[in-house]
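**Student:** Sharing entry30.txt below, compact mmCIF, C-alpha atoms:
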# COMPACT_ATOMS: atom_id res chain seq x y z
CA MET L 1 97.02 56.77 78.15
CA LYS L 2 94.19 54.59 79.46
CA GLN L 3 96.51 53.19 82.15
CA PHE L 4 97.62 56.71 83.12
CA ILE L 5 94.00 57.86 83.56
CA SER L 6 93.27 54.74 85.58
CA ASP L 7 96.27 55.52 87.86
CA ILE L 8 95.02 59.09 88.36
CA ALA L 9 91.51 57.76 89.12
CA ASP L 10 92.99 55.50 91.83
CA ALA L 11 94.79 58.50 93.36
CA LEU L 12 91.58 60.57 93.28
CA SER L 13 89.72 57.70 94.87
CA MET L 14 92.23 57.68 97.74
CA LEU L 15 91.76 61.44 98.22
CA GLY L 16 88.00 60.86 98.15
CA SER L 17 88.24 58.31 100.98
CA LEU L 18 90.30 60.83 102.97
CA GLN L 19 87.66 63.54 102.39
CA LYS L 20 84.90 61.17 103.43
CA ASP L 21 86.57 60.37 106.76
CA LEU L 22 87.26 64.06 107.36
CA SER L 23 83.59 64.70 106.58
CA ILE L 24 84.43 67.53 104.22
CA ASN L 25 83.35 65.81 101.01
CA ASP L 26 79.97 67.45 100.78
CA PHE L 27 80.78 70.84 102.25
CA LYS L 28 79.44 73.84 100.40
CA PRO L 29 81.69 76.93 100.05
CA ASN L 30 79.93 78.70 102.97
CA GLU L 31 80.31 75.65 105.21
CA LEU L 32 83.99 75.32 104.34
CA LYS L 33 84.53 79.02 105.07
CA VAL L 34 82.91 78.72 108.49
CA PHE L 35 84.80 75.47 109.21
CA TYR L 36 88.16 77.03 108.31
CA THR L 37 87.32 80.18 110.29
CA ILE L 38 86.65 78.07 113.39
CA ILE L 39 89.90 76.12 112.96
CA GLY L 40 91.90 79.31 112.27
CA SER L 41 90.44 81.08 115.29
CA GLU L 42 91.08 78.12 117.61
CA ASN L 43 94.60 77.80 116.28
CA GLN L 44 95.28 81.49 116.94
CA THR L 45 93.88 81.75 120.44
CA GLY L 46 94.24 78.14 121.60
CA GLU L 47 90.67 78.30 122.93
CA PRO L 48 87.26 77.47 121.48
CA CYS L 49 85.81 80.47 119.62
CA ASN L 50 82.28 81.79 119.93
CA ILE L 51 79.69 82.56 117.26
CA SER L 52 80.49 86.30 117.27
CA ASP L 53 84.14 85.49 116.50
CA VAL L 54 83.07 83.45 113.47
CA VAL L 55 80.78 86.26 112.25
CA THR L 56 83.57 88.84 112.63
CA ASN L 57 86.35 86.73 111.12
CA SER L 58 84.41 85.17 108.25
CA GLY L 59 82.77 88.40 107.06
CA MET L 60 79.48 86.50 106.64
CA SER L 61 76.11 87.57 107.98
CA ARG L 62 75.03 86.35 111.42
CA SER L 63 72.05 84.48 109.97
CA THR L 64 74.22 82.63 107.40
CA VAL L 65 76.71 81.70 110.11
CA TYR L 66 73.89 80.42 112.37
CA LYS L 67 72.40 78.35 109.55
CA THR L 68 75.80 76.92 108.65
CA LEU L 69 76.69 76.12 112.27
CA LYS L 70 73.38 74.30 112.63
CA LYS L 71 74.30 72.06 109.69
CA LEU L 72 77.80 71.43 111.06
CA VAL L 73 76.25 70.42 114.42
CA ALA L 74 73.78 68.12 112.64
CA ILE L 75 76.56 66.26 110.83
CA ASN L 76 78.57 66.04 114.06
CA ILE L 77 81.53 68.18 112.97
CA ILE L 78 81.16 70.65 115.84
CA GLN L 79 79.17 71.03 119.05
CA LEU L 80 77.87 74.19 120.70
CA GLU L 81 78.32 74.74 124.43
CA GLN L 82 76.94 77.60 126.50
CA SER L 83 79.71 79.87 127.74
CA VAL L 84 80.24 79.84 131.51
CA LEU L 85 81.30 83.51 131.47
CA ASP L 86 78.51 84.83 129.27
CA LYS L 87 75.31 82.78 129.26
CA ARG L 88 74.12 84.50 126.05
CA GLU L 89 77.13 83.26 124.12
CA PHE L 90 77.83 79.78 122.74
CA LEU L 91 81.29 78.29 122.39
CA ILE L 92 82.05 76.20 119.31
CA LYS L 93 83.93 72.97 119.94
CA LEU L 94 85.32 70.77 117.18
CA ASN L 95 84.47 67.06 117.47
CA MET U 1 106.49 54.73 75.65
CA LYS U 2 103.63 57.25 75.71
CA HIS U 3 102.62 56.00 79.16
CA PHE U 4 106.20 56.29 80.41
CA LEU U 5 106.40 59.85 79.07
CA SER U 6 103.09 60.89 80.72
CA ILE U 7 104.22 59.35 84.01
CA SER U 8 107.66 60.97 83.82
CA ILE U 9 106.35 64.45 83.03
CA THR U 10 103.66 64.29 85.76
CA SER U 11 106.07 62.89 88.37
CA PHE U 12 108.78 65.39 87.55
CA VAL U 13 106.49 68.44 87.56
CA PHE U 14 104.76 67.34 90.78
CA SER U 15 107.96 66.52 92.67
CA PHE U 16 109.90 69.52 91.37
CA SER U 17 107.05 71.94 92.21
CA LEU U 18 106.77 70.56 95.74
CA TRP U 19 110.53 70.85 96.19
CA ILE U 20 110.61 74.46 94.97
CA PHE U 21 107.56 75.37 97.09
CA TRP U 22 109.02 73.68 100.18
CA SER U 23 112.47 75.20 99.73
CA TYR U 24 111.23 78.69 98.94
CA PHE U 25 108.49 79.03 101.54
CA LEU U 26 109.51 76.68 104.36
CA MET U 27 113.28 76.62 104.22
CA GLN U 28 113.98 80.28 103.56
CA VAL U 29 113.25 82.50 106.51
CA ASP U 30 114.26 86.04 105.61
CA MET U 31 116.36 84.52 102.81
CA SER U 32 118.44 82.49 105.27
CA PRO U 33 117.97 78.70 105.24
CA SER U 34 116.29 77.29 108.34
CA TRP U 35 116.49 73.52 108.87
CA ASP U 36 113.31 73.72 110.96
CA GLY U 37 111.57 73.69 107.58
CA SER U 38 112.56 70.06 107.19
CA LEU U 39 109.95 69.26 109.86
CA ILE U 40 107.39 69.49 107.05
CA TYR U 41 109.17 67.97 104.07
CA LEU U 42 106.58 68.22 101.28
CA PRO U 43 108.45 66.40 98.45
CA HIS U 44 108.16 63.03 100.23
CA ALA U 45 104.47 63.08 99.25
CA ALA U 46 105.48 63.16 95.58
CA ARG U 47 107.75 60.13 96.07
CA VAL U 48 104.95 58.17 97.76
CA LEU U 49 102.11 59.17 95.43
CA CYS U 50 104.08 58.71 92.19
CA VAL U 51 105.60 55.33 93.13
CA VAL U 52 102.33 54.00 94.57
CA TYR U 53 100.13 55.10 91.64
CA PHE U 54 102.51 55.15 88.66
CA GLY U 55 104.86 52.38 89.75
CA TYR U 56 108.60 52.04 89.34
CA LYS U 57 108.54 53.88 85.99
CA SER U 58 108.25 57.17 87.88
CA ILE U 59 111.60 56.70 89.68
CA PRO U 60 113.87 58.33 87.03
CA ALA U 61 111.69 61.47 86.91
CA LEU U 62 111.54 61.68 90.72
CA TYR U 63 115.32 61.33 90.88
CA CYS U 64 115.81 64.11 88.31
CA ALA U 65 113.48 66.38 90.32
CA GLU U 66 115.44 65.68 93.55
CA ILE U 67 118.67 66.73 91.83
CA LEU U 68 117.36 69.65 89.78
CA GLY U 69 115.57 71.20 92.78
CA PRO U 70 118.76 72.24 94.65
CA LEU U 71 120.40 73.06 91.34
CA THR U 72 117.62 75.53 90.46
CA ILE U 73 117.20 77.18 93.85
CA TYR U 74 120.76 77.20 95.20
CA SER U 75 122.70 76.69 91.93
CA ALA U 76 124.34 73.85 93.85
CA VAL U 77 125.94 71.22 91.64
CA PRO U 78 125.36 68.00 93.61
CA ASP U 79 128.43 66.05 94.74
CA PRO U 80 128.57 62.22 94.44
CA GLN U 81 127.33 61.77 98.02
CA MET U 82 124.31 63.98 97.38
CA LEU U 83 123.52 62.07 94.19
CA PHE U 84 123.64 58.82 96.16
CA LEU U 85 121.51 60.25 99.01
CA ALA U 86 118.89 61.53 96.56
CA MET U 87 118.69 58.06 95.00
CA LEU U 88 118.35 56.50 98.45
CA SER U 89 115.51 58.88 99.36
CA VAL U 90 113.61 58.13 96.14
CA LEU U 91 114.15 54.39 96.60
CA SER U 92 112.78 54.48 100.16
CA VAL U 93 109.23 54.10 98.79
CA PRO U 94 109.95 51.10 96.51
CA PHE U 95 111.87 49.55 99.45
CA ALA U 96 108.82 50.04 101.69
CA LEU U 97 106.57 48.44 99.05
CA PHE U 98 109.06 45.59 98.64
CA LEU U 99 109.11 45.00 102.42
CA LEU U 100 105.32 45.03 102.63
CA THR U 101 105.03 42.66 99.65
CA ALA U 102 107.60 40.34 101.26
CA ILE U 103 105.41 39.99 104.37
CA GLY U 104 102.30 39.34 102.28
CA PHE U 105 100.87 42.83 101.79
CA SER U 106 100.99 43.29 98.04
CA LEU U 107 99.75 46.48 96.42
CA GLY U 108 96.45 46.47 94.54
CA ASN U 109 93.44 48.65 93.85
CA THR U 110 90.51 46.55 95.04
CA ARG U 111 88.91 46.14 98.45
CA GLU U 112 90.34 42.61 98.63
CA SER U 113 93.93 43.83 98.06
CA PRO U 114 96.03 43.48 101.24
CA LEU U 115 97.40 46.94 100.45
CA ASN U 116 94.73 48.96 98.66
CA LYS U 117 96.03 52.11 96.98
CA ARG U 118 92.48 53.54 96.98
CA ASN U 119 92.49 53.52 100.79
CA TYR U 120 94.30 56.49 102.33
CA ARG U 121 95.13 54.51 105.49
CA HIS U 122 97.16 52.05 103.43
CA VAL U 123 98.91 54.94 101.65
CA ALA U 124 99.63 56.40 105.10
CA LEU U 125 101.22 53.10 106.16
CA ILE U 126 103.47 53.17 103.07
CA THR U 127 104.34 56.80 103.88
CA ILE U 128 105.33 55.97 107.47
CA ILE U 129 107.45 52.92 106.54
CA SER U 130 109.19 54.75 103.68
CA ALA U 131 109.83 57.75 105.97
CA MET U 132 111.45 55.41 108.50
CA LEU U 133 113.62 53.81 105.82
CA ASN U 134 114.56 57.22 104.43
CA ALA U 135 115.45 58.65 107.85
CA LEU U 136 117.56 55.64 108.83
CA GLY U 137 119.13 55.04 105.40
CA VAL U 138 120.11 58.63 104.61
CA ASN U 139 121.53 59.32 108.08
CA LEU U 140 123.38 56.00 108.11
CA VAL U 141 125.05 56.93 104.82
CA LEU U 142 125.81 60.45 106.11
CA SER U 143 127.53 58.89 109.14
CA PHE U 144 129.33 56.35 106.97
CA PHE U 145 130.70 59.00 104.60
CA GLU U 146 131.41 61.26 107.59
CA VAL U 147 129.63 64.16 105.89
CA ASN U 148 126.63 65.95 107.27
CA TYR U 149 125.05 68.89 105.49
CA PHE U 150 122.94 69.87 108.49
CA GLN U 151 125.19 69.99 111.56
CA GLU U 152 128.38 68.47 112.91
CA LEU U 153 127.17 65.00 113.81
CA VAL U 154 124.26 62.82 112.82
CA ASP U 155 122.22 62.37 115.97
CA VAL U 156 118.87 60.97 117.04
CA ALA U 157 117.27 64.42 116.75
CA GLN U 158 118.22 64.60 113.07
CA VAL U 159 116.89 61.10 112.34
CA THR U 160 113.66 62.03 114.15
CA ARG U 161 113.42 65.31 112.22
CA PHE U 162 113.72 63.41 108.92
CA LEU U 163 111.06 60.91 110.01
CA VAL U 164 108.61 63.50 111.35
CA GLY U 165 109.31 65.84 108.41
CA ASP U 166 108.50 63.22 105.78
CA ILE U 167 105.32 62.12 107.56
CA LEU U 168 104.02 65.63 108.33
CA GLY U 169 104.98 66.91 104.88
CA SER U 170 103.17 64.07 103.13
CA ALA U 171 100.10 64.47 105.36
CA THR U 172 100.01 68.19 104.54
CA VAL U 173 100.15 67.54 100.79
CA PHE U 174 97.47 64.80 100.99
CA LEU U 175 95.13 67.13 102.91
CA VAL U 176 95.72 70.06 100.55
CA LEU U 177 95.08 67.81 97.53
CA ALA U 178 91.94 66.38 99.14
CA VAL U 179 90.58 69.90 99.67
CA ALA U 180 91.78 71.22 96.29
CA PHE U 181 90.18 68.39 94.31
CA ARG U 182 86.84 68.59 96.11
CA PRO U 183 84.78 69.75 93.10
CA LEU U 184 86.24 66.95 90.93
CA LEU U 185 85.84 64.29 93.62
CA ARG U 186 82.26 65.26 94.34
CA LYS U 187 81.43 64.17 90.77
CA ASN U 188 83.57 61.02 90.79
CA VAL U 189 83.16 59.46 94.24
Rewrite the structure of this file - the entire thing - as structure tokens.
**Tutor:**
Amino acid sequence: MKQFISDIADALSMLGSLQKDLSINDFKPNELKVFYTIIGSENQTGEPCNISDVVTNSGMSRSTVYKTLKKLVAINIIQLEQSVLDKREFLIKLN
Amino acid sequence: MKHFLSISITSFVFSFSLWIFWSYFLMQVDMSPSWDGSLIYLPHAARVLCVVYFGYKSIPALYCAEILGPLTIYSAVPDPQMLFLAMLSVLSVPFALFLLTAIGFSLGNTRESPLNKRNYRHVALITIISAMLNALGVNLVLSFFEVNYFQELVDVAQVTRFLVGDILGSATVFLVLAVAFRPLLRKNV
């Protein structure tokens, strides 16, 4: 049984290294939700989404989304770019 | 014996579940089989993970899962060729490990190991090599026996579909597991 647990620990360690490189190992539920919303939205439209899209699609409040996006920018997961069409809007680009 | 039993049960349940999930959700489109589903062949991940982490003892359970999957979903009693092909697919991972060991990359679980099973990049390398062996081996045998369950002739597109399917399917399972085990990994890593 000891060997079996050690094998499972090795497998979990491999998954941990994958998480670390994907930078999702210390995501909180809110951050994951925003991250998946961005990916889902980009996948659907084929274009970078804006903050309003994330607020609408995630069902979270605008302030929570802003706070979460700020953290994702700080850890270099995404970057915000001012929209050329609407200067008041920011586009979210995945790094 | 207890270790073998734990390994066999885990390997069988993991591989069988992936097979059922893949067959039911990816192969069946409006209840009609679509071979496009083989572009994301999830059960290859079970072969790789079980052989890499549990060793050769997991092979019998993986083989049983490969045979019982079609039997459960399609009630298809496998013919001798299918039994041989299933064995070949399961053995693609030990073959890949054997090849890597032969060129000096033996499997271990430390940073110094040439092939570290704790490093996902090394597991990805094993996945790619075993997918190549599986794609070439299975399609070679299909051509040799002059049977093909997928279309009239084995062609490059089918070999490519096998290769891409095994790699994409394994990558999908690894990512889903990495996300699913986040709470556990946060404590351990």
**Student:** Quick check, in Å to one decimal: how far apart do CA of Ser89 in chain U and CA of Leu62 in chain U lie?
**Tutor:**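 Going from CA of Ser89 in chain U over to CA of Leu62 in chain U, I get 9.9 Å.
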**Student:** Return as JSON lines the residues of chain L lying at most 12 Å from chain U, together with the closest atom-to-atom pair for each and the distance in Å to one decimal, counting all atoms listed in the file, with rows in chain order and ascending residue number.
**Tutor:**
{"residue": "L:Met1", "atom": "CA", "partner": "U:His3", "partner_atom": "CA", "distance": 5.7}
{"residue": "L:Lys2", "atom": "CA", "partner": "U:His3", "partner_atom": "CA", "distance": 8.6}
{"residue": "L:Gln3", "atom": "CA", "partner": "U:His3", "partner_atom": "CA", "distance": 7.4}
{"residue": "L:Phe4", "atom": "CA", "partner": "U:His3", "partner_atom": "CA", "distance": 6.4}
{"residue": "L:Ile5", "atom": "CA", "partner": "U:His3", "partner_atom": "CA", "distance": 9.9}
{"residue": "L:Ser6", "atom": "CA", "partner": "U:Tyr53", "partner_atom": "CA", "distance": 9.2}
{"residue": "L:Asp7", "atom": "CA", "partner": "U:Tyr53", "partner_atom": "CA", "distance": 5.4}
{"residue": "L:Ile8", "atom": "CA", "partner": "U:Tyr53", "partner_atom": "CA", "distance": 7.3}
{"residue": "L:Ala9", "atom": "CA", "partner": "U:Asn188", "partner_atom": "CA", "distance": 8.7}
{"residue": "L:Asp10", "atom": "CA", "partner": "U:Arg118", "partner_atom": "CA", "distance": 5.5}
{"residue": "L:Ala11", "atom": "CA", "partner": "U:Tyr53", "partner_atom": "CA", "distance": 6.6}
{"residue": "L:Leu12", "atom": "CA", "partner": "U:Leu185", "partner_atom": "CA", "distance": 6.8}
{"residue": "L:Ser13", "atom": "CA", "partner": "U:Arg118", "partner_atom": "CA", "distance": 5.4}
{"residue": "L:Met14", "atom": "CA", "partner": "U:Arg118", "partner_atom": "CA", "distance": 4.2}
{"residue": "L:Leu15", "atom": "CA", "partner": "U:Ala178", "partner_atom": "CA", "distance": 5.0}
{"residue": "L:Gly16", "atom": "CA", "partner": "U:Leu185", "partner_atom": "CA", "distance": 6.1}
{"residue": "L:Ser17", "atom": "CA", "partner": "U:Asn119", "partner_atom": "CA", "distance": 6.4}
{"residue": "L:Leu18", "atom": "CA", "partner": "U:Tyr120", "partner_atom": "CA", "distance": 5.9}
{"residue": "L:Gln19", "atom": "CA", "partner": "U:Ala178", "partner_atom": "CA", "distance": 6.1}
{"residue": "L:Lys20", "atom": "CA", "partner": "U:Val189", "partner_atom": "CA", "distance": 9.5}
{"residue": "L:Asp21", "atom": "CA", "partner": "U:Tyr120", "partner_atom": "CA", "distance": 9.7}
{"residue": "L:Leu22", "atom": "CA", "partner": "U:Leu175", "partner_atom": "CA", "distance": 9.5}
{"residue": "L:Ser23", "atom": "CA", "partner": "U:Val179", "partner_atom": "CA", "distance": 11.1}
{"residue": "L:Ile24", "atom": "CA", "partner": "U:Val179", "partner_atom": "CA", "distance": 8.0}
{"residue": "L:Asn25", "atom": "CA", "partner": "U:Arg182", "partner_atom": "CA", "distance": 6.6}
{"residue": "L:Asp26", "atom": "CA", "partner": "U:Arg186", "partner_atom": "CA", "distance": 7.2}
{"residue": "L:Phe27", "atom": "CA", "partner": "U:Arg182", "partner_atom": "CA", "distance": 8.9}
{"residue": "L:Lys28", "atom": "CA", "partner": "U:Pro183", "partner_atom": "CA", "distance": 9.9}
{"residue": "L:Pro29", "atom": "CA", "partner": "U:Pro183", "partner_atom": "CA", "distance": 10.5}
{"residue": "L:Leu32", "atom": "CA", "partner": "U:Val179", "partner_atom": "CA", "distance": 9.7}
{"residue": "L:Tyr36", "atom": "CA", "partner": "U:Val179", "partner_atom": "CA", "distance": 11.5}
**Student:** Quick one, how far is CA of Tyr63 in chain U from CA of Ile40 in chain U?
**Tutor:**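 Rounded to one decimal, the two atoms are 19.8 Å apart.
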**Student:** As a PyMOL selection string, please: the residues near Phe14 in chain U (cut-off 7 Å, only C-alpha atoms, same-chain neighbours under 4 positions excluded).
**Tutor:** chain U and resi 10+18+46
**Student:** Using all atoms listed in the file for the distances, tell me which of U:Ala135, U:Leu71, U:Leu97, U:Ala61 is nearest to Thr160 in chain U.
**Tutor:**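 Smallest separation from Thr160 in chain U among the options: U:Ala135.
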**Student:** Tell me, as a VMD selection string, which residues lie within 6 Å of Ile78 in chain L, counting only C-alpha atoms; anything in the same chain fewer than 6 positions away does not count.
**Tutor:** chain L and resid 72 93 to 95
**Student:** Measure the distance from CA of Met87 in chain U to CA of Ser106 in chain U in Å and round it to one decimal.
**Tutor:**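 For CA of Met87 in chain U relative to CA of Ser106 in chain U, the distance reads 23.3 Å.
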**Student:** Pick the closest to Phe84 in chain U from U:Val138, U:Ala65, U:Leu133, U:Val51: which is it, counting all atoms listed in the file?
**Tutor:**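 Once distances to Phe84 in chain U are computed over all atoms listed in the file, the minimum belongs to U:Val138.
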**Student:** Counting only C-alpha atoms, what is within 10 Å of Val141 in chain U, bar same-chain residues fewer than 6 positions away, as an NGL selection string?
**Tutor:** :U and (81 or 84-85 or 88 or 147-148 or 154)
**Student:** Fewer than 5 positions away in the same chain doesn't count, so skip those; otherwise give me all residues within 8 Å of Ala45 in chain U, counting all atoms listed in the file, as a VMD selection string.
**Tutor:** chain U and resid 127 166 169 to 171 173 to 174
**Student:** Those same residues - C-alpha atoms - I'd like them written as a CSV table (one decimal), in the frame of the given file.
**Tutor:**
chain,number,residue,atom,x,y,z
U,127,THR,CA,104.3,56.8,103.9
U,166,ASP,CA,108.5,63.2,105.8
U,169,GLY,CA,105.0,66.9,104.9
U,170,SER,CA,103.2,64.1,103.1
U,171,ALA,CA,100.1,64.5,105.4
U,173,VAL,CA,100.2,67.5,100.8
U,174,PHE,CA,97.5,64.8,101.0
**Student:** Which residues are close to Ser130 in chain U, i.e. within 10 Å by all atoms listed in the file, leaving aside same-chain residues fewer than 2 positions away? Reply as a list of chain:residue names.
**Tutor:**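 So, after excluding close chain neighbours, the residues are U:His44, U:Arg47, U:Val48, U:Ser89, U:Val90, U:Leu91, U:Ser92, U:Val93, U:Pro94, U:Phe95, U:Ala96, U:Leu97, U:Leu99, U:Ala124, U:Leu125, U:Ile126, U:Thr127, U:Ile128, U:Met132, U:Leu133, U:Asn134, U:Ala135, U:Leu136, U:Leu163, U:Asp166, U:Ile167.
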**Student:** Please put the answer as lines of an AutoDock Vina configuration file: centre and edge lengths, in Å with one decimal, of a box along x, y and z that encloses all listed atoms of range 83-87 of chain L plus 4 Å on each side.
**Tutor:**
center_x = 78.3
center_y = 82.3
center_z = 129.6
size_x = 14.0
size_y = 13.0
size_z = 11.8
**Student:** Since the input is missing atoms for range 45-61 of chain U, could you rebuild it with N, CA and C atoms and give the result as a short mmCIF file (atom, residue, chain, number, x, y, z; two decimals), in the frame of the given file?
**Tutor:**
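For reference, rebuild_39.cif as written:
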data_model
loop_
_atom_site.label_atom_id
_atom_site.label_comp_id
_atom_site.auth_asym_id
_atom_site.auth_seq_id
_atom_site.Cartn_x
_atom_site.Cartn_y
_atom_site.Cartn_z
N ALA U 45 105.81 63.45 99.74
CA ALA U 45 104.47 63.08 99.25
C ALA U 45 104.53 62.72 97.77
N ALA U 46 105.36 63.45 97.02
CA ALA U 46 105.48 63.16 95.58
C ALA U 46 106.09 61.78 95.37
N ARG U 47 107.12 61.45 96.19
CA ARG U 47 107.75 60.13 96.07
C ARG U 47 106.70 59.05 96.30
N VAL U 48 105.93 59.20 97.40
CA VAL U 48 104.95 58.17 97.76
C VAL U 48 103.86 58.07 96.69
N LEU U 49 103.24 59.21 96.36
CA LEU U 49 102.11 59.17 95.43
C LEU U 49 102.52 58.64 94.06
N CYS U 50 103.66 59.12 93.55
CA CYS U 50 104.08 58.71 92.19
C CYS U 50 104.45 57.23 92.15
N VAL U 51 105.20 56.75 93.15
CA VAL U 51 105.60 55.33 93.13
C VAL U 51 104.39 54.42 93.36
N VAL U 52 103.49 54.83 94.28
CA VAL U 52 102.33 54.00 94.57
C VAL U 52 101.39 53.93 93.35
N TYR U 53 101.13 55.10 92.72
CA TYR U 53 100.13 55.10 91.64
C TYR U 53 100.72 54.87 90.25
N PHE U 54 101.94 55.32 90.01
CA PHE U 54 102.51 55.15 88.66
C PHE U 54 103.50 54.00 88.60
N GLY U 55 103.92 53.50 89.75
CA GLY U 55 104.86 52.38 89.75
C GLY U 55 106.31 52.81 89.62
N TYR U 56 107.16 51.81 89.35
CA TYR U 56 108.60 52.04 89.34
C TYR U 56 109.05 52.93 88.17
N LYS U 57 108.18 53.06 87.15
CA LYS U 57 108.54 53.88 85.99
C LYS U 57 108.72 55.36 86.36
N SER U 58 108.16 55.75 87.50
CA SER U 58 108.25 57.17 87.88
C SER U 58 109.58 57.51 88.56
N ILE U 59 110.37 56.48 88.90
CA ILE U 59 111.60 56.70 89.68
C ILE U 59 112.61 57.63 88.97
N PRO U 60 112.90 57.42 87.67
CA PRO U 60 113.87 58.33 87.03
C PRO U 60 113.46 59.80 87.10
N ALA U 61 112.17 60.08 86.88
CA ALA U 61 111.69 61.47 86.91
C ALA U 61 111.79 62.04 88.33
#
